[in-house]
Amino acid sequence: MDEIQNVNWFFDFDGVVVDSVGVKTEAFRILFEPYGSEILAQVLEHHRLNGGISRIDKIQYSHTHFVGTPLTEIELANWGRKYSALVVDRVIEAPWIRGAREFLVEMQGRTRIFLISGTPEDELKQVVEARGITGYFDEILGSPIRKPAHIRALLSAYQLQPHSCVYVGDALTDYYAARETGLHFLGIQGDIELPEDAQVLPDCTGLKREVDDIFSGMS
């Protein structure tokens with residue numbers, strides 16, 4: 001399709017490009033298991049429902065609301081380092097989401113592709129570089145800046161119209177970020193049921209076909 005070269009793509013990372021959501025869940029399990037099964041269950045459910053949100057925010061929320069003891073900045077930074085140590089190597093080695101690599105290879109240089117994640121930006125870039133896929137993306141952006149702010153900054157910097165952009169994500173955070181900024185949304189089905197009005201795919205193999213459906217008749 002000719003129009004696909006005029007589409008600008010915004011991708012989440014975990015659960016969309018690589019199959020690493022389970023790695024992040026296991027890290028929360030390891031960190032909070034010492035607090036007992038009841039608190040652990042609350043932490044894991046909060047983590048599951050808030051995919052795409054900074055781990056620092058989730059750790060602080062869990063300590064404040066479930067453990068009952070907010071962390072100091074120094075303690076929170078220490079928890080962040082522990083979390084990173086549990087996940088970085090495993091995310092580097094995580095398998096691809098089906099169709100993601102093929103899509104990136106095919107589309108490289110034909111259109112703009114941005115990577116936006118709740119992962120700390122330095123760590124995200126480290127993982128992407130270690131996987132050898134930095135060149136697929138025009139920008140690689142992570143936390144602490146939230147996704148809607150990143151999207152707005154990219155729309156401005158690249159002079160893009162929201163209606164020419166598609167956000168591909170697997171979390172409610174991604175869905176609402178796209179809605180808030182006016183982007184089309186395509187969901188990759190993971191552990192979370194996305195809203196009924198969302199177009200949802202099992203993996204990335206059907207991305208171009210779905211975008212064809214979205215943009216047919218718009219030009």
# chains A, B, ... in the order shown; residues from 1 in each chain; ligands from 1
$ residues_around --residues "stretch 33-48 of chain A" --least-positions-apart "4" --cutoff "6 Å" --atoms "only C-alpha atoms" --output "list in words"
Arg29, Ser62 and Phe66 of chain A
$ residues_around --residues "A:Ile192" --least-positions-apart "4" --cutoff "9 Å" --atoms "only C-alpha atoms" --output "list of chain:residue names"
A:Arg48, A:Leu49, A:Gly51, A:Asp170, A:Ala171, A:Leu172
$ atom_distance --atom1 "atom CA of A:Leu194" --atom2 "atom CA of A:Ala153"
25.6 Å
$ residues_around --residues "stretch 196-204 of chain A" --least-positions-apart "6" --cutoff "6 Å" --atoms "only C-alpha atoms" --output "NGL selection string"
:A and (98-100 or 186-189)
$ write_last_selection --atoms "N, CA, C and O atoms" --output "mmCIF file, in the first residue's frame"
data_model
loop_
_atom_site.group_PDB
_atom_site.id
_atom_site.type_symbol
_atom_site.label_atom_id
_atom_site.label_comp_id
_atom_site.auth_asym_id
_atom_site.auth_seq_id
_atom_site.Cartn_x
_atom_site.Cartn_y
_atom_site.Cartn_z
ATOM 1 N N ARG A 98 5.895 -11.945 17.690
ATOM 2 C CA ARG A 98 5.769 -12.446 16.322
ATOM 3 C C ARG A 98 5.436 -11.306 15.354
ATOM 4 O O ARG A 98 4.508 -10.549 15.561
ATOM 5 N N GLY A 99 6.216 -11.200 14.312
ATOM 6 C CA GLY A 99 6.003 -10.206 13.264
ATOM 7 C C GLY A 99 6.692 -8.873 13.490
ATOM 8 O O GLY A 99 6.799 -8.077 12.547
ATOM 9 N N ALA A 100 7.155 -8.607 14.714
ATOM 10 C CA ALA A 100 7.724 -7.283 15.006
ATOM 11 C C ALA A 100 9.032 -7.050 14.265
ATOM 12 O O ALA A 100 9.232 -5.989 13.655
ATOM 13 N N LEU A 186 -3.513 0.813 17.761
ATOM 14 C CA LEU A 186 -3.605 -0.616 17.488
ATOM 15 C C LEU A 186 -3.091 -1.368 18.705
ATOM 16 O O LEU A 186 -1.974 -1.118 19.170
ATOM 17 N N GLY A 187 -3.903 -2.269 19.234
ATOM 18 C CA GLY A 187 -3.516 -3.021 20.420
ATOM 19 C C GLY A 187 -2.917 -4.370 20.071
ATOM 20 O O GLY A 187 -3.361 -5.038 19.135
ATOM 21 N N ILE A 188 -1.892 -4.749 20.823
ATOM 22 C CA ILE A 188 -1.346 -6.100 20.771
ATOM 23 C C ILE A 188 -1.834 -6.796 22.039
ATOM 24 O O ILE A 188 -1.537 -6.347 23.151
ATOM 25 N N GLN A 189 -2.595 -7.858 21.883
ATOM 26 C CA GLN A 189 -3.252 -8.468 23.036
ATOM 27 C C GLN A 189 -2.246 -9.124 23.978
ATOM 28 O O GLN A 189 -1.474 -9.989 23.560
#
$ residues_around --residues "A:Ile56" --least-positions-apart "2" --cutoff "8 Å" --atoms "only C-alpha atoms" --output "number ranges by chain"
A: 54, 58-60, 76, 80
$ select_by_dssp --residues "stretch 102-215 of chain A" --states "helix (DSSP H, G or I)" --output "VMD selection string"
chain A and resid 102 to 107 121 to 130 134 to 136 147 to 157 162 to 164 172 to 181 204 to 215
$ select_by_dssp --residues "stretch 95-210 of chain A" --states "strand (DSSP E or B)" --output "list in words"
Trp96, Ile113, Phe114, Leu115, Ile116, Ser117, Gly118, Thr119, Pro120, Glu139, Ile140, Leu141, Gly142, Ser143, Cys165, Val166, Tyr167, Val168, Gly169, His184, Phe185, Leu186, Gly187, Ile188, Gln199, Val200 and Leu201 of chain A
$ atom_distance --atom1 "atom CA of A:Val211" --atom2 "atom CA of A:Cys165"
10.0 Å
$ closest_residue --among "A:Leu71, A:Asp57, A:Gly118, A:Val105" --to "A:Thr134" --atoms "only C-alpha atoms"
A:Val105
$ residues_around --residues "A:Leu104" --least-positions-apart "3" --cutoff "12 Å" --atoms "only C-alpha atoms" --output "number ranges by chain"
A: 9-11, 16-17, 96-101, 107-115, 133-138, 204-205, 207-208
$ residues_around --residues "A:Pro95" --least-positions-apart "3" --cutoff "10 Å" --atoms "only C-alpha atoms" --output "PyMOL selection string"
chain A and resi 17-20+90-92+98
